[in-house]
Amino acid sequence: MKDVFIIHAKRTPIGKLGGSLSHFRVDDMLATLFRDFKDSFSFDMKEIDDVITGCANQAGEDNRNLSRMATILAGLPLEVPGVTVNRLCASSLDAIIDGYSRIASGIADCILVGGAESMTRAPYVMSKGSSAFGRDSQMYDTTFGWRFPNPKMKEMFPLLGMGETAEEVAQKLNITREEQDLFAYNSHMKASKAWEDGKFANEVVSLELQLKKELLKVSEDECPRANTTLEQMAKLPAVFRKGGSVTPGNSSPMNDGASCVAIVSEDFLRKHNLKPLARITGGAVRGIHPSIMGLGPVESTKVLLKKFNKKISDFDVFEFNEAFAVQALGCMRELEVDPEKVNLKGGAIALGHPLGCSGARITTTLTHILQENKNFKQALATMCVGVGQGVSLSLENC
């Protein structure tokens with residue numbers, strides 16, 4: 001098995017649903033990052049073996065192999081191929097593991113990984129009628145959640161929405177509303193402070209677009225709320241279940257954004273005298289019951305620990321995707337992780353969760369945290385996945 005290194009990790013700002021990034025096509029956002037990668041290195045881009053992009057929707061402007069479209073738009077050589085993968089929320093984290101596996105096994109030496117989602121621009125889709133001139137067509141909003149559900153699956157288990165699965169985790173682990181609100185509040189405080197202190201400066205690539213009357217430039221995330229309070233959060237109603245504890249305040253929002261991670265073999269690193277930012281040391285995926293999908297990272301992390309001979313205490317810093325506060329809290333509790341080591345710059349509740357973007361986004365943030373603090377030796381990124389899965393990736397500081 002060859003060693004695999006991250007040499008580049010960047011992302012766009014993350015926009016609110018209907019916010020500034022709503023003007024940007026998803027393939028253009030990703031192409032901006034690929035172009036930035038191309039401009040950051042002097043080696044022949046034809047040496048890129050493949051581009052693997054994670055995207056959860058693939059029903060709108062992202063429908064025609066987003067990876068290949070963004071590669072062409074970025075001006076990368078036509079010889080560079082591209083493929084788009086879908087593991088819902090963890091799509092781009094899975095794409096990193098895919099690229100890591102190819103390089104470790106000797107199939108490739110340089111893989112560019114993308115992650116992108118425009119939830120604002122996700123289209124409505126309509127089914128065909130069941131018969132000629134039928135009037136039973138159904139329309140679905142592809143932004144988020146179930147569409148075209150299979151009745152046979154509904155007979156197997158309830159097709160809960162993501163917020164309802166969060167309520168299931170809260171009930172299963174007795175996690176209180178107060179704990180969830182405090183976690184969400186801290187996410188906003190950490191994210192806001194990170195922006196104030198310039199901690200995202202080396203991570204975020206601005207987006208620019210010429211509108212009819214002005215040049216639109218977006219340089220910062222739109223969702224962190226520096227002025228929120230616990231009192232304000234406590235007033236928000238539960239929206240997924242009567243008498244529940246999951247609210248808009250302690251859940252991640254819906255967002256637009258893109259991310260990019262480049263990984264290479266040690267041979268490629270030496271050939272081009274490149275600086276490694278982190279070494280990938282393991283990856284794992286695992287399934288879990290769909291009704292408690294938020295706990296998926298517990299199972300994938302257990303697999304990673306066993307396969308790669310690690311202990312949870314080996315890790316100095318963590319990124320847990322905050323799909324919901326209760327989901328992150330549940331995983332931290334089950335894995336016995338110190339909360340002080342988790343999401344040092346805030347998480348998806350504050351920064352946003354543009355589905356297919358998020359896996360590469362948390363890996364990007366984690367990579368930069370390792371670069372900023374050389375005392376951190378090992379790191380772990382995890383994500384839960386709708387319909388019951390977990391994905392985990394481990395890194396080591398260089």
# chains A, B, ... in the order shown; residues from 1 in each chain; ligands from 1
$ residues_around --residues "range 151-163 of chain A" --least-positions-apart "5" --cutoff "12 Å" --atoms "only C-alpha atoms" --output "mmCIF file with N, CA and C atoms, in the first residue's frame"
data_model
loop_
_atom_site.group_PDB
_atom_site.id
_atom_site.type_symbol
_atom_site.label_atom_id
_atom_site.label_comp_id
_atom_site.auth_asym_id
_atom_site.auth_seq_id
_atom_site.Cartn_x
_atom_site.Cartn_y
_atom_site.Cartn_z
ATOM 1 N N CYS A 89 -25.171 12.813 1.585
ATOM 2 C CA CYS A 89 -24.419 13.843 2.303
ATOM 3 C C CYS A 89 -22.912 13.594 2.328
ATOM 4 N N PHE A 144 -34.122 18.366 -1.136
ATOM 5 C CA PHE A 144 -33.777 17.597 0.048
ATOM 6 C C PHE A 144 -34.842 16.531 0.293
ATOM 7 N N GLY A 145 -34.420 15.382 0.771
ATOM 8 C CA GLY A 145 -35.360 14.390 1.266
ATOM 9 C C GLY A 145 -35.839 13.382 0.237
ATOM 10 N N TRP A 146 -36.825 12.578 0.658
ATOM 11 C CA TRP A 146 -37.346 11.494 -0.163
ATOM 12 C C TRP A 146 -38.064 12.015 -1.396
ATOM 13 N N GLU A 168 -35.381 10.715 16.618
ATOM 14 C CA GLU A 168 -35.191 9.331 17.055
ATOM 15 C C GLU A 168 -33.888 9.188 17.852
ATOM 16 N N VAL A 169 -32.831 9.844 17.391
ATOM 17 C CA VAL A 169 -31.547 9.793 18.108
ATOM 18 C C VAL A 169 -31.667 10.467 19.464
ATOM 19 N N ALA A 170 -32.352 11.609 19.498
ATOM 20 C CA ALA A 170 -32.538 12.318 20.769
ATOM 21 C C ALA A 170 -33.259 11.440 21.783
ATOM 22 N N ALA A 238 -39.930 23.303 18.023
ATOM 23 C CA ALA A 238 -39.580 22.048 17.348
ATOM 24 C C ALA A 238 -40.428 21.949 16.088
ATOM 25 N N VAL A 239 -39.814 21.551 14.972
ATOM 26 C CA VAL A 239 -40.535 21.577 13.700
ATOM 27 C C VAL A 239 -40.748 20.203 13.081
ATOM 28 N N PHE A 240 -40.119 19.181 13.621
ATOM 29 C CA PHE A 240 -40.208 17.866 12.993
ATOM 30 C C PHE A 240 -41.131 16.898 13.746
ATOM 31 N N ARG A 241 -41.379 17.192 15.015
ATOM 32 C CA ARG A 241 -42.211 16.295 15.798
ATOM 33 C C ARG A 241 -42.830 17.082 16.954
ATOM 34 N N LYS A 242 -44.124 16.900 17.166
ATOM 35 C CA LYS A 242 -44.792 17.587 18.265
ATOM 36 C C LYS A 242 -44.170 17.169 19.584
ATOM 37 N N GLY A 244 -41.130 17.654 20.322
ATOM 38 C CA GLY A 244 -39.747 17.262 20.082
ATOM 39 C C GLY A 244 -38.750 18.308 20.529
ATOM 40 N N SER A 245 -37.482 18.087 20.165
ATOM 41 C CA SER A 245 -36.408 18.972 20.609
ATOM 42 C C SER A 245 -35.537 19.475 19.465
ATOM 43 N N VAL A 246 -35.805 19.037 18.246
ATOM 44 C CA VAL A 246 -34.994 19.441 17.094
ATOM 45 C C VAL A 246 -35.655 20.645 16.426
ATOM 46 N N THR A 247 -34.921 21.734 16.327
ATOM 47 C CA THR A 247 -35.445 23.000 15.822
ATOM 48 C C THR A 247 -34.601 23.502 14.655
ATOM 49 N N PRO A 248 -35.058 24.554 13.961
ATOM 50 C CA PRO A 248 -34.215 25.153 12.921
ATOM 51 C C PRO A 248 -32.890 25.663 13.486
ATOM 52 N N ASN A 250 -31.012 24.317 15.979
ATOM 53 C CA ASN A 250 -30.013 23.289 16.291
ATOM 54 C C ASN A 250 -29.894 22.251 15.173
ATOM 55 N N SER A 251 -30.295 22.660 13.959
ATOM 56 C CA SER A 251 -30.137 21.842 12.756
ATOM 57 C C SER A 251 -29.271 22.603 11.757
ATOM 58 N N SER A 252 -28.652 21.886 10.841
ATOM 59 C CA SER A 252 -27.911 22.568 9.772
ATOM 60 C C SER A 252 -28.909 23.151 8.779
ATOM 61 N N PRO A 253 -28.567 24.269 8.129
ATOM 62 C CA PRO A 253 -29.445 24.845 7.113
ATOM 63 C C PRO A 253 -29.240 24.161 5.773
ATOM 64 N N HIS A 289 -29.438 1.315 10.748
ATOM 65 C CA HIS A 289 -30.866 1.429 10.465
ATOM 66 C C HIS A 289 -31.190 2.860 10.026
ATOM 67 N N PRO A 290 -31.959 3.015 8.945
ATOM 68 C CA PRO A 290 -32.251 4.352 8.426
ATOM 69 C C PRO A 290 -32.899 5.298 9.437
ATOM 70 N N SER A 291 -33.647 4.772 10.393
ATOM 71 C CA SER A 291 -34.355 5.640 11.336
ATOM 72 C C SER A 291 -33.427 6.338 12.323
ATOM 73 N N ILE A 292 -32.206 5.826 12.480
ATOM 74 C CA ILE A 292 -31.223 6.484 13.348
ATOM 75 C C ILE A 292 -29.953 6.756 12.542
ATOM 76 N N MET A 293 -30.155 7.246 11.323
ATOM 77 C CA MET A 293 -29.037 7.434 10.397
ATOM 78 C C MET A 293 -27.946 8.325 10.984
ATOM 79 N N GLY A 294 -28.300 9.223 11.892
ATOM 80 C CA GLY A 294 -27.323 10.144 12.470
ATOM 81 C C GLY A 294 -26.190 9.476 13.220
ATOM 82 N N ALA A 323 -25.009 17.657 10.921
ATOM 83 C CA ALA A 323 -26.303 17.620 10.254
ATOM 84 C C ALA A 323 -27.370 18.136 11.221
ATOM 85 N N PHE A 324 -27.281 17.675 12.448
ATOM 86 C CA PHE A 324 -28.101 18.149 13.562
ATOM 87 C C PHE A 324 -27.216 18.132 14.803
ATOM 88 N N ALA A 325 -27.488 19.034 15.740
ATOM 89 C CA ALA A 325 -26.709 19.038 16.973
ATOM 90 C C ALA A 325 -26.803 17.692 17.670
ATOM 91 N N VAL A 326 -28.011 17.124 17.708
ATOM 92 C CA VAL A 326 -28.210 15.858 18.416
ATOM 93 C C VAL A 326 -27.436 14.728 17.749
ATOM 94 N N GLN A 327 -27.296 14.804 16.438
ATOM 95 C CA GLN A 327 -26.551 13.776 15.709
ATOM 96 C C GLN A 327 -25.072 13.817 16.075
ATOM 97 N N CYS A 384 -22.593 11.440 8.787
ATOM 98 C CA CYS A 384 -23.747 10.542 8.699
ATOM 99 C C CYS A 384 -24.352 10.680 7.314
ATOM 100 N N VAL A 385 -25.172 9.712 6.929
ATOM 101 C CA VAL A 385 -25.738 9.678 5.581
ATOM 102 C C VAL A 385 -27.201 9.259 5.662
ATOM 103 N N GLY A 386 -28.068 9.974 4.952
ATOM 104 C CA GLY A 386 -29.466 9.600 4.879
ATOM 105 C C GLY A 386 -29.648 8.174 4.388
ATOM 106 N N VAL A 387 -30.698 7.514 4.848
ATOM 107 C CA VAL A 387 -31.026 6.106 4.597
ATOM 108 C C VAL A 387 -30.061 5.187 5.348
ATOM 109 N N GLY A 388 -29.312 5.751 6.321
ATOM 110 C CA GLY A 388 -28.580 4.929 7.269
ATOM 111 C C GLY A 388 -27.208 4.461 6.871
#
$ residues_around --residues "range 373-380 of chain A" --least-positions-apart "2" --cutoff "8 Å" --atoms "only C-alpha atoms" --output "PyMOL selection string"
chain A and resi 314-319+366+369-371+382+392-397
$ closest_residue --among "A:Glu203, A:Asp221, A:Glu164, A:Asp3" --to "Pro354 in chain A" --atoms "only C-alpha atoms"
A:Asp221
$ closest_residue --among "A:Arg87, A:Lys217, A:Arg11, A:Lys345" --to "Asn57 in chain A" --atoms "only C-alpha atoms"
A:Arg87
$ residues_around --residues "Met29 in chain A" --least-positions-apart "3" --cutoff "8 Å" --atoms "only C-alpha atoms" --output "PyMOL selection string"
chain A and resi 12+24-26+32-33+116+207+257-258
$ write_last_selection --atoms "C-alpha atoms" --output "CSV table (one decimal), in the first residue's frame"
chain,number,residue,atom,x,y,z
A,12,THR,CA,-15.9,28.4,-1.8
A,24,PHE,CA,-23.9,30.7,-9.4
A,25,ARG,CA,-24.4,27.4,-11.3
A,26,VAL,CA,-23.0,24.5,-9.4
A,32,THR,CA,-13.6,28.0,-10.0
A,33,LEU,CA,-11.9,25.7,-7.5
A,116,ALA,CA,-20.5,20.5,-4.8
A,207,LEU,CA,-16.5,33.6,-6.2
A,257,GLY,CA,-21.1,25.7,-2.1
A,258,ALA,CA,-18.2,23.7,-3.4
$ select_by_dssp --residues "range 184-393 of chain A" --states "strand (DSSP E)" --output "PyMOL selection string"
chain A and resi 207-210+215-218+255-265+278-287+317-320+378-385+389-393
$ write_last_selection --atoms "N, CA and C atoms" --output "compact mmCIF listing (two decimals), in the first residue's frame"
# COMPACT_ATOMS: atom_id res chain seq x y z
N LEU A 207 -15.80 33.78 -4.96
CA LEU A 207 -16.52 33.58 -6.22
C LEU A 207 -16.91 34.94 -6.79
N GLU A 208 -16.77 35.08 -8.10
CA GLU A 208 -17.14 36.33 -8.76
C GLU A 208 -18.04 36.05 -9.96
N LEU A 209 -19.02 36.92 -10.17
CA LEU A 209 -19.94 36.76 -11.30
C LEU A 209 -20.42 38.14 -11.74
N GLN A 210 -20.33 38.38 -13.03
CA GLN A 210 -20.80 39.66 -13.58
C GLN A 210 -22.31 39.61 -13.77
N LEU A 215 -20.67 43.73 -10.44
CA LEU A 215 -19.84 42.53 -10.27
C LEU A 215 -20.13 41.98 -8.88
N LEU A 216 -20.68 40.78 -8.84
CA LEU A 216 -20.98 40.14 -7.56
C LEU A 216 -19.75 39.37 -7.09
N LYS A 217 -19.28 39.65 -5.89
CA LYS A 217 -18.16 38.93 -5.32
C LYS A 217 -18.56 38.42 -3.94
N VAL A 218 -18.41 37.11 -3.74
CA VAL A 218 -18.77 36.49 -2.46
C VAL A 218 -17.50 35.90 -1.86
N ASN A 255 -27.96 24.78 1.84
CA ASN A 255 -26.93 25.70 1.37
C ASN A 255 -26.42 25.42 -0.04
N ASP A 256 -25.59 26.35 -0.51
CA ASP A 256 -24.89 26.22 -1.79
C ASP A 256 -23.39 26.34 -1.51
N GLY A 257 -22.57 25.55 -2.22
CA GLY A 257 -21.13 25.66 -2.06
C GLY A 257 -20.40 24.54 -2.75
N ALA A 258 -19.06 24.67 -2.80
CA ALA A 258 -18.22 23.66 -3.43
C ALA A 258 -16.90 23.55 -2.68
N SER A 259 -16.22 22.42 -2.88
CA SER A 259 -14.95 22.17 -2.20
C SER A 259 -14.05 21.34 -3.11
N CYS A 260 -12.76 21.35 -2.81
CA CYS A 260 -11.79 20.68 -3.68
C CYS A 260 -10.59 20.22 -2.86
N VAL A 261 -10.24 18.95 -3.00
CA VAL A 261 -9.08 18.36 -2.31
C VAL A 261 -8.26 17.60 -3.36
N ALA A 262 -6.95 17.84 -3.40
CA ALA A 262 -6.08 17.12 -4.33
C ALA A 262 -5.20 16.15 -3.54
N ILE A 263 -5.15 14.90 -3.99
CA ILE A 263 -4.37 13.88 -3.29
C ILE A 263 -3.42 13.19 -4.27
N VAL A 264 -2.22 12.86 -3.77
CA VAL A 264 -1.18 12.29 -4.64
C VAL A 264 -0.41 11.20 -3.91
N SER A 265 0.32 10.41 -4.69
CA SER A 265 1.21 9.40 -4.12
C SER A 265 2.52 10.04 -3.68
N ALA A 278 -1.17 16.92 4.59
CA ALA A 278 -1.60 15.86 5.51
C ALA A 278 -1.47 14.53 4.78
N ARG A 279 -1.35 13.46 5.56
CA ARG A 279 -1.34 12.12 4.99
C ARG A 279 -2.64 11.42 5.34
N ILE A 280 -3.26 10.78 4.37
CA ILE A 280 -4.48 10.01 4.64
C ILE A 280 -4.06 8.66 5.18
N THR A 281 -4.63 8.28 6.32
CA THR A 281 -4.21 7.05 6.99
C THR A 281 -5.29 5.99 7.06
N GLY A 282 -6.49 6.29 6.58
CA GLY A 282 -7.54 5.28 6.61
C GLY A 282 -8.89 5.83 6.24
N GLY A 283 -9.79 4.94 5.86
CA GLY A 283 -11.16 5.32 5.54
C GLY A 283 -12.07 4.12 5.72
N ALA A 284 -13.33 4.38 6.02
CA ALA A 284 -14.27 3.27 6.24
C ALA A 284 -15.70 3.75 6.05
N VAL A 285 -16.56 2.82 5.65
CA VAL A 285 -17.99 3.08 5.53
C VAL A 285 -18.75 1.94 6.21
N ARG A 286 -19.97 2.25 6.68
CA ARG A 286 -20.77 1.22 7.33
C ARG A 286 -22.23 1.65 7.32
N GLY A 287 -23.12 0.66 7.32
CA GLY A 287 -24.54 0.93 7.33
C GLY A 287 -25.15 0.83 8.72
N VAL A 317 -7.83 15.80 17.10
CA VAL A 317 -8.83 16.77 16.64
C VAL A 317 -9.81 16.06 15.71
N PHE A 318 -11.06 16.52 15.71
CA PHE A 318 -12.13 15.86 14.97
C PHE A 318 -12.97 16.87 14.20
N GLU A 319 -13.53 16.42 13.08
CA GLU A 319 -14.61 17.13 12.39
C GLU A 319 -15.79 16.18 12.30
N PHE A 320 -16.85 16.49 13.04
CA PHE A 320 -18.11 15.76 12.95
C PHE A 320 -19.09 16.64 12.19
N GLN A 378 -2.90 13.47 14.76
CA GLN A 378 -3.86 12.67 14.02
C GLN A 378 -5.25 13.28 14.11
N ALA A 379 -6.02 13.12 13.04
CA ALA A 379 -7.34 13.76 12.97
C ALA A 379 -8.34 12.81 12.32
N LEU A 380 -9.61 13.03 12.63
CA LEU A 380 -10.68 12.17 12.11
C LEU A 380 -11.84 13.01 11.62
N ALA A 381 -12.32 12.70 10.41
CA ALA A 381 -13.50 13.35 9.84
C ALA A 381 -14.60 12.31 9.68
N THR A 382 -15.83 12.64 10.07
CA THR A 382 -16.93 11.69 9.95
C THR A 382 -18.19 12.38 9.44
N MET A 383 -19.04 11.58 8.78
CA MET A 383 -20.33 12.09 8.31
C MET A 383 -21.39 11.01 8.41
N CYS A 384 -22.59 11.44 8.79
CA CYS A 384 -23.75 10.54 8.70
C CYS A 384 -24.35 10.68 7.31
N VAL A 385 -25.17 9.71 6.93
CA VAL A 385 -25.74 9.68 5.58
C VAL A 385 -27.20 9.26 5.66
N GLN A 389 -26.24 5.39 6.82
CA GLN A 389 -24.85 5.02 6.60
C GLN A 389 -23.95 5.99 7.35
N GLY A 390 -22.68 5.60 7.50
CA GLY A 390 -21.67 6.46 8.08
C GLY A 390 -20.39 6.34 7.29
N VAL A 391 -19.63 7.43 7.22
CA VAL A 391 -18.34 7.45 6.52
C VAL A 391 -17.32 8.13 7.41
N SER A 392 -16.12 7.54 7.50
CA SER A 392 -15.05 8.10 8.34
C SER A 392 -13.74 8.12 7.56
N LEU A 393 -12.95 9.15 7.80
CA LEU A 393 -11.64 9.31 7.15
C LEU A 393 -10.64 9.79 8.19
$ atom_distance --atom1 "CA of Leu76 in chain A" --atom2 "CA of Lys16 in chain A"
29.3 Å
$ select_by_dssp --residues "range 3-49 of chain A" --states "alpha helix (DSSP H)" --output "MDAnalysis selection string"
chainID A and resid 26:40
$ write_last_selection --atoms "N, CA and C atoms" --output "PDB file, in the first residue's frame"
ATOM      1  N   VAL A  26     -23.855  25.349 -10.175  1.00  0.00           N
ATOM      2  CA  VAL A  26     -23.021  24.461  -9.372  1.00  0.00           C
ATOM      3  C   VAL A  26     -21.758  24.055 -10.125  1.00  0.00           C
ATOM      4  N   ASP A  27     -21.843  23.859 -11.441  1.00  0.00           N
ATOM      5  CA  ASP A  27     -20.643  23.487 -12.194  1.00  0.00           C
ATOM      6  C   ASP A  27     -19.658  24.644 -12.280  1.00  0.00           C
ATOM      7  N   ASP A  28     -20.164  25.881 -12.282  1.00  0.00           N
ATOM      8  CA  ASP A  28     -19.278  27.048 -12.285  1.00  0.00           C
ATOM      9  C   ASP A  28     -18.558  27.215 -10.950  1.00  0.00           C
ATOM     10  N   MET A  29     -19.264  26.958  -9.847  1.00  0.00           N
ATOM     11  CA  MET A  29     -18.613  27.024  -8.532  1.00  0.00           C
ATOM     12  C   MET A  29     -17.453  26.044  -8.451  1.00  0.00           C
ATOM     13  N   LEU A  30     -17.713  24.817  -8.877  1.00  0.00           N
ATOM     14  CA  LEU A  30     -16.682  23.786  -8.807  1.00  0.00           C
ATOM     15  C   LEU A  30     -15.543  24.093  -9.777  1.00  0.00           C
ATOM     16  N   ALA A  31     -15.882  24.598 -10.957  1.00  0.00           N
ATOM     17  CA  ALA A  31     -14.857  24.953 -11.934  1.00  0.00           C
ATOM     18  C   ALA A  31     -13.926  26.040 -11.407  1.00  0.00           C
ATOM     19  N   THR A  32     -14.455  26.967 -10.628  1.00  0.00           N
ATOM     20  CA  THR A  32     -13.619  28.008 -10.023  1.00  0.00           C
ATOM     21  C   THR A  32     -12.537  27.390  -9.142  1.00  0.00           C
ATOM     22  N   LEU A  33     -12.907  26.371  -8.375  1.00  0.00           N
ATOM     23  CA  LEU A  33     -11.939  25.710  -7.502  1.00  0.00           C
ATOM     24  C   LEU A  33     -10.924  24.894  -8.307  1.00  0.00           C
ATOM     25  N   PHE A  34     -11.383  24.213  -9.347  1.00  0.00           N
ATOM     26  CA  PHE A  34     -10.462  23.451 -10.192  1.00  0.00           C
ATOM     27  C   PHE A  34      -9.486  24.397 -10.900  1.00  0.00           C
ATOM     28  N   ARG A  35      -9.983  25.568 -11.302  1.00  0.00           N
ATOM     29  CA  ARG A  35      -9.120  26.566 -11.940  1.00  0.00           C
ATOM     30  C   ARG A  35      -8.083  27.084 -10.934  1.00  0.00           C
ATOM     31  N   ASP A  36      -8.513  27.284  -9.708  1.00  0.00           N
ATOM     32  CA  ASP A  36      -7.585  27.721  -8.664  1.00  0.00           C
ATOM     33  C   ASP A  36      -6.501  26.672  -8.431  1.00  0.00           C
ATOM     34  N   PHE A  37      -6.895  25.392  -8.451  1.00  0.00           N
ATOM     35  CA  PHE A  37      -5.906  24.324  -8.308  1.00  0.00           C
ATOM     36  C   PHE A  37      -4.911  24.363  -9.466  1.00  0.00           C
ATOM     37  N   LYS A  38      -5.412  24.494 -10.676  1.00  0.00           N
ATOM     38  CA  LYS A  38      -4.559  24.536 -11.870  1.00  0.00           C
ATOM     39  C   LYS A  38      -3.548  25.677 -11.781  1.00  0.00           C
ATOM     40  N   ASP A  39      -4.000  26.822 -11.277  1.00  0.00           N
ATOM     41  CA  ASP A  39      -3.130  27.997 -11.189  1.00  0.00           C
ATOM     42  C   ASP A  39      -2.146  27.924 -10.025  1.00  0.00           C
ATOM     43  N   SER A  40      -2.371  26.979  -9.109  1.00  0.00           N
ATOM     44  CA  SER A  40      -1.532  26.880  -7.913  1.00  0.00           C
ATOM     45  C   SER A  40      -0.318  25.977  -8.107  1.00  0.00           C
TER      46      SER A  40
END
$ residues_around --residues "Tyr140 in chain A" --least-positions-apart "3" --cutoff "7 Å" --atoms "only C-alpha atoms" --output "VMD selection string"
chain A and resid 124 to 126 147
$ atom_distance --atom1 "CA of Lys271 in chain A" --atom2 "CA of Phe41 in chain A"
13.1 Å
$ residues_around --residues "Thr53 in chain A" --least-positions-apart "5" --cutoff "7 Å" --atoms "only C-alpha atoms" --output "VMD selection string"
chain A and resid 67 83 to 85 92 95 113 to 115
$ write_last_selection --atoms "C-alpha atoms" --output "CSV table (one decimal), in the first residue's frame"
chain,number,residue,atom,x,y,z
A,67,SER,CA,-17.2,16.3,-12.5
A,83,VAL,CA,-16.7,10.9,-12.6
A,84,THR,CA,-19.4,11.9,-10.2
A,85,VAL,CA,-20.4,9.8,-7.2
A,92,SER,CA,-17.3,14.0,-1.5
A,95,ALA,CA,-14.9,10.5,-3.2
A,113,VAL,CA,-11.5,15.4,-5.7
A,114,GLY,CA,-14.5,17.8,-5.8
A,115,GLY,CA,-17.6,18.2,-3.8
$ closest_residue --among "A:Ile103, A:Ala360, A:Ala70, A:Ile14" --to "Asp267 in chain A" --atoms "only C-alpha atoms"
A:Ile103
$ closest_residue --among "A:Met233, A:Glu167, A:Glu266, A:Asn202" --to "Ser219 in chain A" --atoms "only C-alpha atoms"
A:Asn202
